[in-house]
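Data block below; observations after.
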Amino acid sequence: MTRQPPLHAARKTAGKTSPLPTTVAAAAEAWRPVDALFASFATGHDGLDEEAIQTRLQADGPNEVSHEKPPHWSRQLLHAFLNPFIIVLLSLAVVQLATDASDLTGPVIVMVMVAISVLLSFTQEYRSSQAAEKLKAMVRNTASVTRRASDGHSERIEVPVVELVPGDIVHLAAGDMVPADLRLLSAKDLFISQAILTGESLPVEKAAPSGRDLLDAGSANPLDLSSVCYMGTNVISGTASALVVATGSRTYLGSISRSLTGQRVQTSFDRGVKSVSWLLIRFMAVMVPIVFALNWWDKGNFFEALLFALSVAVGLTPEMLPLIVTANLGKGAMAMSKRKVVVKRLNAIQNFGAMDVLCTDKTGTLTLDKIVLERHLDLDGEESDEALEFGYLNSRFQTGLKNLMDKAVLEHRDLEPAASMYRLVDEIPFDFQRRRMSVVLGDAGGEHLLVCKGAVEEMLAICDHARIGGELVPMTAERRTAIKEMTRELNHDGLRVLVVAIRQQPATGRPYGVADEAGLTAVGCLAFLDPPKDSAATAIRALNQHGVAVKVITGDNEAVTRKICREVGLDVEHSAQGRDIEALDDAALDALVARTTVFAKMSPLQKARVVKSLQRQGHTVGFLGDGINDAPALREADVGISVDTATDIAKESADIILLEKNLMVLEEGVIEGRITFGNIMKYIKMTASSNFGNVFSVLVASAFLPFLPMLPLQILVQNLLYDISQLSIPFDRLDEEYLRRPRKWDASDIGRFMAWIGPISSIFDITTFWLMWHVFGANSPAHQSLFQSGWFIEGLLSQTLIVHMIRTRRIPFLQSMASAPVLALTAAIITLGLVIPFTAIGAKLGMVPLPPAYFGWLVLTLVSYSVLTQLVKRLYIRRFGRWL
């Protein structure tokens, strides 16, 4: 009787222990004989028919696990209420009701503010999340599956991963994501990376079970089972056929998905926004009690002082901060989607704008990604049909991932009749260490022909003989040197070269492996051309002009890479190969990476080391890649960028997906990221500095006035109007010089900005106090309404004006004009603020009409305020070298 492995274990990731699911369906099938396995799932080697597929889809649901889908709209609405600023507003409304239930004006205004903030935040977040899901849906992963067609015959087809069902027969190759929990039926040199589940970077070998595997059936950990592949892991090398035994939430990944989602590491931007929020809350927690104490002590009215202090708290509350951040990120994602850029994670937009080094592969980015077989040569560099014929056999019969060079070889369909004389016996799949792949073919006479094709140095190392002029000669050191020199000259012409070698032998009756790639005879070379894109040089110049350095990291030949890079305008004075960095410690590697532009013949882990080196040196790094060998670097980069045609694992590892592999698209994305970041910073700095100044103004007024400088309701209305004036900020433009440089979060700059800019508004608030007291006679409680009306208008207009002063380092209106939405909304709020004291609403709020002479003084105050702010701005920029 077959022993079943224990189904209880524990796994550790990132220093935390997470219990395994109580049952792992795939583990229960790990050692079941194939016939019994097929019977259990009512399937066979021919796969399932359409009726069975539909029945199982209805029963088991789509093949997807819990991931970071947007929550239900009701939860999003509740979440909009659960932020500290909204809680402060609601608390104020409750206190006002408890204090004077007959006057609902204050609570109504507070609730209007809450409703505007919550509804706008909810609407924006809901629209952004829905848009993000639609964008993600544009990037689909597929699986190769054997199924029965309607006429009963079996066929291998590509289907969306979500449509897989238990009982499907799936085929795996290098670069594939494992699409469900699978029990292997057959495998050839199959290595799987289980890093997503175990954190272990080294791949593990998997194989279909054999009789002796029953001895190991007591494995304590399902992840150690060699005959099972788990959803979400990825194929490093090899090929396999397997049976789907679990999909969706029933997979191992699905059962632990709750612990894998929603735990993203916060970026510096996330932490920065959060720190500003809590800075203002702490500031409010300290200053509001002081304002309350001063007014209670001076005026003697506890409830009036409490309401005033709470109103000041509302004035200090940037309740629109979540809305502004979400609106900016959502707008950025939609703008980028129009440029064929799909943002999988909204916060990656900010990192996109902060990126100052872009690491990219060569093929398809700098080149046309349209490889043609330019020449087929013998080992003396003469044209040779023999090299093409054997190269065609190798590309024709391999079952793994066919690359662009294979596709170029297969364009020679005139060789198909010759290929029809052979049948595939076995293959030794490609991997990134050997850099070659082999097929073993059988002919009518029972002989086996091993045909190997791969990189020059790796191929020559396994060849004992060479075919020269139709004769077999030993592969001497001199011969190897001559062949390398010949291929090097081809490389300098921009050609990529592969060597083709063969070995003919009797049938062995056993599976072939890497050890059989020895004693081969080299027969010739295939030379491919992938010319540079016309747009590549322009795109690199544009990225450089915007402060983004471009480095090329490729597994390709150094000479070819240098030639292409030179043609597109990159500095190739310094280049390095993977072997050059292998033995370097971190300090030596950092020095090498800092001066090097071109990295060639790099392994996947070496690519990731270069990315980490750049990050250690303070750079924000983007990595553009589309292959399985790019996945480690994509994960390490601050912004992982891939393309829609990439391998599954590359797309899963990326934060941003390009629907068009073009560096010009990236340059546009960088600009959009900087616009998004800049507009968020505008709001944060406007709010922080304005609130800082308002507190000082209130403290001065509270200390010296015999009445409240502004009624609680007036503060609430003023704050509401000011918040509305800022809702158009996500639609504002930025100055060209701001967009030229990468922008990173600098928490120290926020406090510094508050201290420099905030007190300016206090100066003119105090001059307004003096004006209302001495010029207009509002110097007693009997005339407090006139005083309060005057400060209401001056405070609102100066706050609204600061939107234009802070949004640019230039002179506003003269050198830099805000966008139409910002101009329209701020003008509307200014007009409304001027009119309110003359209306019935103003009277209800305790205001009175102001004398005409006041408005002349108001103009002088605002002009002086603008001039002084501009002067301080100049000093600030000169001293600290930045503004936003």
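Each chain in the structure tokens gets a letter, A, B and so on, in the order shown; residues start at 1 in every chain, and ligands are counted from 1 in the order they appear.
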
DSSP strand (DSSP E) selection over range 414-518 of chain A, as a ChimeraX atom specification: /A:423-428,436-442,447-455,463-468,471-474,495-506

Residue contacts of Cys452 in chain A (10 Å, only C-alpha atoms) excluding same-chain residues fewer than 2 positions away, as a ChimeraX atom specification: /A:390-391,393-395,427-428,436-440,449-450,454,459,499-503,517,520-522

Skip Ser789 in chain A itself and residues of its chain fewer than 5 positions away, then list as a PDB file with all heavy atoms, in the first residue's frame all residues within 8 Å of it, counting only C-alpha atoms.
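Resulting contents of result_33.pdb:
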```
ATOM      1  N   MET A 710     -11.953  84.726  15.657  1.00  0.00           N
ATOM      2  CA  MET A 710     -12.868  84.210  14.642  1.00  0.00           C
ATOM      3  C   MET A 710     -13.767  83.184  15.323  1.00  0.00           C
ATOM      4  O   MET A 710     -13.309  82.421  16.175  1.00  0.00           O
ATOM      5  CB  MET A 710     -12.112  83.566  13.470  1.00  0.00           C
ATOM      6  CG  MET A 710     -12.920  83.517  12.172  1.00  0.00           C
ATOM      7  SD  MET A 710     -12.011  82.704  10.824  1.00  0.00           S
ATOM      8  CE  MET A 710     -10.612  83.794  10.611  1.00  0.00           C
ATOM      9  N   PRO A 837     -19.514  87.758   3.427  1.00  0.00           N
ATOM     10  CA  PRO A 837     -19.936  88.695   4.487  1.00  0.00           C
ATOM     11  C   PRO A 837     -21.118  89.582   4.094  1.00  0.00           C
ATOM     12  O   PRO A 837     -21.773  90.179   4.981  1.00  0.00           O
ATOM     13  CB  PRO A 837     -18.681  89.540   4.734  1.00  0.00           C
ATOM     14  CG  PRO A 837     -17.548  88.666   4.288  1.00  0.00           C
ATOM     15  CD  PRO A 837     -18.087  87.919   3.103  1.00  0.00           C
ATOM     16  N   MET A 847     -21.059  87.303  10.506  1.00  0.00           N
ATOM     17  CA  MET A 847     -20.254  88.287   9.787  1.00  0.00           C
ATOM     18  C   MET A 847     -21.095  89.518   9.463  1.00  0.00           C
ATOM     19  O   MET A 847     -22.334  89.479   9.463  1.00  0.00           O
ATOM     20  CB  MET A 847     -19.704  87.683   8.488  1.00  0.00           C
ATOM     21  CG  MET A 847     -18.762  86.522   8.692  1.00  0.00           C
ATOM     22  SD  MET A 847     -18.043  85.985   7.109  1.00  0.00           S
ATOM     23  CE  MET A 847     -17.372  84.400   7.574  1.00  0.00           C
ATOM     24  N   VAL A 848     -20.379  90.601   9.134  1.00  0.00           N
ATOM     25  CA  VAL A 848     -21.037  91.844   8.731  1.00  0.00           C
ATOM     26  C   VAL A 848     -20.341  92.370   7.483  1.00  0.00           C
ATOM     27  O   VAL A 848     -19.170  92.044   7.231  1.00  0.00           O
ATOM     28  CB  VAL A 848     -20.966  92.907   9.854  1.00  0.00           C
ATOM     29  CG1 VAL A 848     -21.739  92.463  11.084  1.00  0.00           C
ATOM     30  CG2 VAL A 848     -19.506  93.221  10.210  1.00  0.00           C
ATOM     31  N   PRO A 849     -21.032  93.173   6.651  1.00  0.00           N
ATOM     32  CA  PRO A 849     -20.375  93.761   5.469  1.00  0.00           C
ATOM     33  C   PRO A 849     -19.203  94.639   5.872  1.00  0.00           C
ATOM     34  O   PRO A 849     -19.232  95.318   6.900  1.00  0.00           O
ATOM     35  CB  PRO A 849     -21.496  94.573   4.805  1.00  0.00           C
ATOM     36  CG  PRO A 849     -22.755  93.952   5.306  1.00  0.00           C
ATOM     37  CD  PRO A 849     -22.462  93.507   6.717  1.00  0.00           C
ATOM     38  N   LEU A 850     -18.174  94.627   5.053  1.00  0.00           N
ATOM     39  CA  LEU A 850     -16.974  95.403   5.329  1.00  0.00           C
ATOM     40  C   LEU A 850     -16.992  96.720   4.561  1.00  0.00           C
ATOM     41  O   LEU A 850     -17.516  96.787   3.443  1.00  0.00           O
ATOM     42  CB  LEU A 850     -15.738  94.590   4.937  1.00  0.00           C
ATOM     43  CG  LEU A 850     -15.466  93.407   5.880  1.00  0.00           C
ATOM     44  CD1 LEU A 850     -14.750  92.289   5.147  1.00  0.00           C
ATOM     45  CD2 LEU A 850     -14.641  93.854   7.072  1.00  0.00           C
TER      46      LEU A 850
END
```

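Closest approach to Leu884 in chain A from the set A:Met686, A:Ala591, A:Ile109, A:Ala549 is made by A:Met686, with distances taken over only C-alpha atoms.
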
Within 9 Å of Gly469 in chain A using only C-alpha atoms, minus same-chain residues under 2 positions, as a ChimeraX atom specification: /A:378-380,467,471-472

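The closest residue to Ala30 in chain A, picked from A:Leu253, A:Ala576, A:Ala208, A:Val112 and counting only C-alpha atoms, is A:Ala208.
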
Neighbour list for Phe769 in chain A as a PyMOL selection string, cut-off 8 Å, only C-alpha atoms, skip fewer than 6 positions in-chain: chain A and resi 701+787+791

DSSP alpha helix (DSSP H) selection over range 626-804 of chain A, as a PyMOL selection string: chain A and resi 631-636+648-653+663-704+712-725+736-739+747-770+784-804

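Computed from the coordinates, the CA of Leu711 in chain A to CA of Val95 in chain A distance equals 15.4 Å.
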
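Within the 9 Å cut-off around Gly519 in chain A, using only C-alpha atoms and omitting residues fewer than 4 positions from it on the same chain, the listed residues are Ile462, Cys463, Asp464, His465 and Arg503 of chain A.
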
Closest of A:Ala633, A:Trp745, A:Leu410, A:Asn691 to Ser613 in chain A - atom-to-atom distances counting only C-alpha atoms: A:Ala633

Nearest to Leu858 in chain A, chosen from A:Thr767, A:Thr826, A:Ser819, A:Thr808, with only C-alpha atoms counted in the distances: A:Thr767
